[in-house]
Amino acid sequence: MIRTPLRPLARILDARAKGENPDAIERENIRLRHEDMRERARNRAEGRLFVLALFFVAAFGTVGIRMGVLASTSPSEPREATSGTAILANRADITDREGRILATNLLTYSLYAQPPQMIDPAAAARALVDIFPELDEERLIRQFTGERTFVWVKRRISPEQMQAVHDIGDPGLLFGPREMRLYPNGALAAHVLGGATFGREGVHSAEVLGVAGVEKTFDTWLRDPANEGRPLTLSLDLSVQAAVETVLEGGMMMMNAVGAAAVLMDARTGEVIALASLPDFDPNDRPATPTSGDPSRSPLFNHAVQGLYELGSTYKIFAAAQAMELGLMTPETMVDTAGPLKWGSFSISDFRNYGPRLSLADVIVKSSNIGAARVALEIGGTRQREFLGSLGLLEPTAIEMAEAPGIRPQFPSGAWSEISSMTISYGHGISASPLHLAAAYASVVNGGRRVIPTLLRTETPLRGPRVVSDGTSEALRRMLRGVVTHGTATFADVPGYRVGGKTGTADKPLLDGRGYEEDKVIATFAGVFPADNPAYVLVVTLDEPEETSGTEPRRTAGWTAVPVAAEIIRRVAPLLGLRPEIANARPNGLTLARN
Amino acid sequence: MRAFLSILASVLVVALGFWAYRENYATQAAIDDVERLGHELAETRAALSVLRAEWAYLNRPDRLRDLVDLNFDRLELMPLLPEQFAAVDEVAFPPAVRLPLLSDDPVDVVNGGGGLE
């Protein structure tokens with residue numbers, strides 16, 4: 001750059017010649033130079049400010065545009081978070097103790113219509129009726145051409161039907177997914193499972209609600225996403241349940257009974273391995289609750305849990321148990337059985353005369369009402385009530401079924417009079433469900449620990465409070481075995497399984513509650529096997545059985561419920577992994593020889 | 001020196017920008033992938049539950065019982081009964097399998113055919 005000198009010689013000389021101060025020239029030049037420098041600095045600063053302004057405009061513009069974009073787009077979930085763990089909204093499966101499926105879900109479709117979008121409502125209605133003959137064409141046309149903008153056509157359709165509807169080609173016919181509850185085994189364990197129905201319905205999904213049985217009890221649990229799809233494992237065993245139902249159905253038909261129930265329970269844990277009630281129903285297509293007639297004749301009625309019956313002589317074992325537990329008697333104590341026993345206006349008699357005296361064990365084996373009544377007199381009503389209460393026979397069972405809490409056994413309220421106490425000792429004047437009886441039997445035979453019936457698989461056996469001592473329990477088992485070897489239940493002797501049990505035949509009360517039916521009975525067998533090491537308790541109840549192979553119809557449990565129970569044990573014990581023990585069945589492998 | 005630093009800085013900015021751009025797209029691709037897998041998983045799960053339902057349906061005791069009855073000629077299956085239990089020593093040994101002779105002209109070792117006497 002060419003610098004202008006501050007004191008240009010020509011001008012200095014000129015100024016000197018004119019007598020001026022040459023310093024003025026220098027100052028003038030310095031001033032000009034400074035002005036020049038200031039000008040340039042200002043220009044540069046302005047340029048920079050301009051660039052900076054551009055930058056800020058760009059930055060704030062970007063922020064503004066971004067805000068505008070964010071404000072105008074529809075909100076969406078952050079993609080990274082949603083693609084993590086999927087939430088399972090399905091209703092959980094129900095499986096048996098081995099993990100075999102009892103209830104699961106199946107995706108089907110529902111069919112709905114949006115009439116405003118329909119092209120030819122009449123033709124669509126006609127085509128729909130061709131596919132679903134149960135629909136009413138008139139009604140469909142009315143719905144499709146009316147004011148409505150939304151019409152449900154079918155709640156559940158199969159894939160084939162869906163394709164057929166699709167082929168109609170009307171844009172107003174639409175499908176929504178539907179999770180449907182499926183019970184692949186049909187009527188198997190129907191009463192335990194209950195059934196499910198749709199709750200609140202939307203186009204894209206519908207609530208599945210349990211209506212009965214475990215589906216209702218565990219409704220919240222089954223729908224809880226926190227379980228991450230874990231199935232509900234019941235204590236039932238599918239193959240055992242199937243065998244019990246098959247045999248019970250055959251038995252019910254052979255014995256001409258109108259209803260039947262069977263409960264198979266693990267004697268130590270109270271797990272219900274099989275629970276059958278006949279007649280049954282298909283939970284996939286649950287029938288409507290009957291509004292008239294005897295509810296106990298409906299297939300929906302669960303005889304094993306809801307049926308309150310006077311279970312007859314099966315209760316005698318509790319009188320014997322308490323008498324021994326209180327130290328009043330031993331199995332050998334002689335009991336007066338001379339009859340008929342008159343008590344006020346009542347008269348208690350036996351099926352046949354068993355002589356003047358029987359030992360306590362024989363009272364059970366021969367099933368003497370008079371003997372049991374005498375034992376009850378010794379015990380007294382208050383203590384008897386307490387004991388039956390400790391066995392759970394006076395309160396609803398704790399089983400996990402929606403119906404169970406309402407099933408309250410019936411017995412005389414207030415203090416039990418002597419006559420009540422006497423009839424209760426042989427199972428009349430008190431009613432309970434077969435499930436109550438199974439739990440009470442399990443409690444007294446398993447060594448004397450109270451058993452709470454449950455439908456859930458339990459990993460560890462619970463040690464309930466003691467109801468009778470070990471010794472009493474063993475004596476009871478011996479008595480029950482005696483009933484089978486030489487008493488009223490000889491048909492129950494399944495070789496190899498040492499079955500013990502007690503029969504009970506109770507007259508059916510009249511529907512109006514006054515007196516009893518002439519020739520209708522409830523026949524019950526409550527058994528335990530193997531008797532020396534109790535593993536399972538089985539209760540079989542037949543409603544109005546009649547065995548007609550003899551000259552006159554036989555109704556006692558020994559001829560009706562017992563053979564059915566025996567066949568159940570014969571079929572079920574091998575499935576439960578119990579090995580028959582037959583004395584001397586195995587030849588000695590070694591032969592002693594001497595030469 | 002200053003010019004070099006500014007060039008270096010601008011090159012660095014470009015490089016980082018490029019890297020960020022690439023990472024961004026790689027992430028989005030990964031998310032797409034995860035989403036696709038999630039859908040696939042859901043589909044497979046649905047298919048699995050259908051298959052399990054079908055398996056349970058095909059194995060329902062009623063059907064198996066009917067099949068056993070239908071095929072009794074071939075299968076001869078009976079319900080499990082106590083009589084079918086047995087002890088191990090009641091099972092007969094299988095007939096001993098004799099190994100085939102390897103040679104057509106076996107050497108008689110039992111009767112001393114070897115001539116050692």
# chains A, B, ... in the order shown; residues from 1 in each chain; ligands from 1
$ select_by_dssp --residues "stretch 24-91 of chain B" --states "alpha helix (DSSP H)" --output "PDB file with C-alpha atoms, in the first residue's frame"
ATOM      1  CA  ASN B  24     -28.724 -40.615  12.253  1.00  0.00           C
ATOM      2  CA  TYR B  25     -29.680 -42.690   9.262  1.00  0.00           C
ATOM      3  CA  ALA B  26     -28.106 -45.827  10.693  1.00  0.00           C
ATOM      4  CA  THR B  27     -30.171 -45.316  13.873  1.00  0.00           C
ATOM      5  CA  GLN B  28     -33.332 -44.839  11.911  1.00  0.00           C
ATOM      6  CA  ALA B  29     -32.597 -47.948   9.907  1.00  0.00           C
ATOM      7  CA  ALA B  30     -32.004 -49.856  13.136  1.00  0.00           C
ATOM      8  CA  ILE B  31     -35.284 -48.584  14.572  1.00  0.00           C
ATOM      9  CA  ASP B  32     -37.082 -49.611  11.411  1.00  0.00           C
ATOM     10  CA  ASP B  33     -35.483 -52.992  11.725  1.00  0.00           C
ATOM     11  CA  VAL B  34     -36.557 -53.330  15.351  1.00  0.00           C
ATOM     12  CA  GLU B  35     -40.062 -52.288  14.458  1.00  0.00           C
ATOM     13  CA  ARG B  36     -40.220 -54.789  11.655  1.00  0.00           C
ATOM     14  CA  LEU B  37     -38.900 -57.478  13.968  1.00  0.00           C
ATOM     15  CA  GLY B  38     -41.472 -56.454  16.554  1.00  0.00           C
ATOM     16  CA  HIS B  39     -44.246 -56.877  14.027  1.00  0.00           C
ATOM     17  CA  GLU B  40     -42.795 -60.153  12.910  1.00  0.00           C
ATOM     18  CA  LEU B  41     -42.604 -61.243  16.531  1.00  0.00           C
ATOM     19  CA  ALA B  42     -46.208 -60.297  17.135  1.00  0.00           C
ATOM     20  CA  GLU B  43     -47.272 -62.157  14.008  1.00  0.00           C
ATOM     21  CA  THR B  44     -45.269 -65.201  14.986  1.00  0.00           C
ATOM     22  CA  ARG B  45     -46.689 -65.057  18.470  1.00  0.00           C
ATOM     23  CA  ALA B  46     -50.210 -64.884  17.099  1.00  0.00           C
ATOM     24  CA  ALA B  47     -49.476 -67.788  14.761  1.00  0.00           C
ATOM     25  CA  LEU B  48     -47.950 -69.701  17.664  1.00  0.00           C
ATOM     26  CA  SER B  49     -51.011 -69.211  19.805  1.00  0.00           C
ATOM     27  CA  VAL B  50     -53.210 -70.390  16.955  1.00  0.00           C
ATOM     28  CA  LEU B  51     -51.006 -73.436  16.518  1.00  0.00           C
ATOM     29  CA  ARG B  52     -51.056 -74.146  20.231  1.00  0.00           C
ATOM     30  CA  ALA B  53     -54.824 -73.826  20.299  1.00  0.00           C
ATOM     31  CA  GLU B  54     -55.051 -76.144  17.328  1.00  0.00           C
ATOM     32  CA  TRP B  55     -52.657 -78.608  18.929  1.00  0.00           C
ATOM     33  CA  ALA B  56     -54.749 -78.603  22.093  1.00  0.00           C
ATOM     34  CA  TYR B  57     -57.882 -79.000  20.002  1.00  0.00           C
ATOM     35  CA  LEU B  58     -56.459 -81.920  18.049  1.00  0.00           C
ATOM     36  CA  PRO B  61     -59.240 -86.404  25.036  1.00  0.00           C
ATOM     37  CA  ASP B  62     -62.554 -86.998  23.227  1.00  0.00           C
ATOM     38  CA  ARG B  63     -60.890 -87.017  19.847  1.00  0.00           C
ATOM     39  CA  LEU B  64     -57.954 -89.160  20.969  1.00  0.00           C
ATOM     40  CA  ARG B  65     -60.387 -91.672  22.441  1.00  0.00           C
ATOM     41  CA  ASP B  66     -62.312 -91.833  19.166  1.00  0.00           C
ATOM     42  CA  LEU B  67     -59.102 -92.203  17.186  1.00  0.00           C
ATOM     43  CA  VAL B  68     -57.942 -95.016  19.433  1.00  0.00           C
ATOM     44  CA  ASP B  69     -61.280 -96.764  18.948  1.00  0.00           C
ATOM     45  CA  LEU B  70     -61.148 -96.287  15.176  1.00  0.00           C
ATOM     46  CA  PHE B  72     -57.959-100.426  17.384  1.00  0.00           C
ATOM     47  CA  ASP B  73     -57.037-103.000  14.706  1.00  0.00           C
ATOM     48  CA  ARG B  74     -53.615-101.523  14.252  1.00  0.00           C
ATOM     49  CA  LEU B  75     -52.788 -99.905  17.579  1.00  0.00           C
TER      50      LEU B  75
END
$ closest_atom_pairs --of "chain A" --to "chain B" --cutoff "7 Å" --atoms "only C-alpha atoms" --output "CSV"
residue,atom,partner,partner_atom,distance
A:Glu80,CA,B:Ile31,CA,6.7
A:Ser83,CA,B:Glu35,CA,6.0
A:Ile101,CA,B:Ala56,CA,6.2
A:Thr104,CA,B:Ala53,CA,6.6
A:Leu106,CA,B:Val50,CA,6.2
A:Pro184,CA,B:Tyr57,CA,4.4
A:Asn185,CA,B:Arg60,CA,4.9
A:Ala242,CA,B:Pro61,CA,6.4
A:Arg570,CA,B:Leu81,CA,6.4
A:Arg571,CA,B:Leu81,CA,5.8
A:Pro574,CA,B:Pro82,CA,5.9
A:Leu575,CA,B:Leu80,CA,6.9
A:Arg579,CA,B:Phe85,CA,6.8
A:Pro580,CA,B:Pro82,CA,6.0
$ write_last_selection --atoms "N, CA and C atoms" --output "short mmCIF file (atom, residue, chain, number, x, y, z; two decimals), in the first residue's frame"
data_model
loop_
_atom_site.label_atom_id
_atom_site.label_comp_id
_atom_site.auth_asym_id
_atom_site.auth_seq_id
_atom_site.Cartn_x
_atom_site.Cartn_y
_atom_site.Cartn_z
N GLU A 80 -38.28 -45.44 19.78
CA GLU A 80 -37.35 -46.30 20.49
C GLU A 80 -38.02 -46.95 21.69
N SER A 83 -40.71 -49.82 20.86
CA SER A 83 -40.26 -51.08 20.28
C SER A 83 -39.50 -51.92 21.30
N ILE A 101 -53.23 -77.08 27.67
CA ILE A 101 -54.11 -75.91 27.60
C ILE A 101 -55.57 -76.28 27.87
N THR A 104 -57.69 -70.88 25.95
CA THR A 104 -56.74 -70.00 25.27
C THR A 104 -57.54 -69.01 24.43
N LEU A 106 -58.26 -67.10 20.59
CA LEU A 106 -58.15 -67.28 19.16
C LEU A 106 -58.61 -65.98 18.52
N PRO A 184 -60.40 -75.63 24.02
CA PRO A 184 -60.18 -76.67 23.00
C PRO A 184 -60.70 -78.04 23.41
N ASN A 185 -60.86 -78.29 24.71
CA ASN A 185 -61.29 -79.61 25.12
C ASN A 185 -62.81 -79.73 25.22
N ALA A 242 -60.48 -86.25 32.25
CA ALA A 242 -61.18 -86.89 31.14
C ALA A 242 -61.64 -88.29 31.55
N ARG A 570 -59.98 -97.42 39.46
CA ARG A 570 -59.25 -98.37 38.61
C ARG A 570 -58.65 -97.66 37.39
N ARG A 571 -59.39 -96.69 36.86
CA ARG A 571 -58.92 -95.99 35.67
C ARG A 571 -57.92 -94.88 36.00
N PRO A 574 -53.74 -95.58 37.96
CA PRO A 574 -52.54 -95.72 37.14
C PRO A 574 -52.13 -94.40 36.49
N LEU A 575 -53.12 -93.59 36.11
CA LEU A 575 -52.79 -92.30 35.49
C LEU A 575 -52.09 -91.39 36.48
N ARG A 579 -48.74 -97.27 41.73
CA ARG A 579 -48.46 -98.62 41.29
C ARG A 579 -49.29 -99.57 42.16
N PRO A 580 -50.02 -100.49 41.55
CA PRO A 580 -50.79 -101.41 42.38
C PRO A 580 -49.86 -102.30 43.19
#
$ residues_around --residues "stretch 202-207 of chain A" --least-positions-apart "2" --cutoff "6 Å" --atoms "only C-alpha atoms" --output "list in words"
Gly176, Pro177, Arg178, Phe198, Gly199 and Arg200 of chain A
$ closest_residue --among "A:Pro299, A:Pro534, A:Gly312, A:Pro133" --to "A:His428" --atoms "only C-alpha atoms"
A:Gly312
$ atom_distance --atom1 "atom CA of A:Pro461" --atom2 "atom CA of A:Val192"
21.9 Å
$ select_by_dssp --residues "stretch 71-166 of chain A" --states "strand (DSSP E)" --output "list in words"
Ile94, Thr95, Ile101, Leu102, Ala103, Thr104, Asn105, Leu106, Leu107, Thr108, Tyr109, Ser110, Leu111, Tyr112, Ala113, Val151, Trp152, Val153, Lys154, Arg155, Arg156 and Ile157 of chain A
$ residues_around --residues "A:Leu238" --least-positions-apart "5" --cutoff "10 Å" --atoms "only C-alpha atoms" --output "ChimeraX atom specification"
/A:95-102,185,188-189,243-244,273-274 /B:60-61
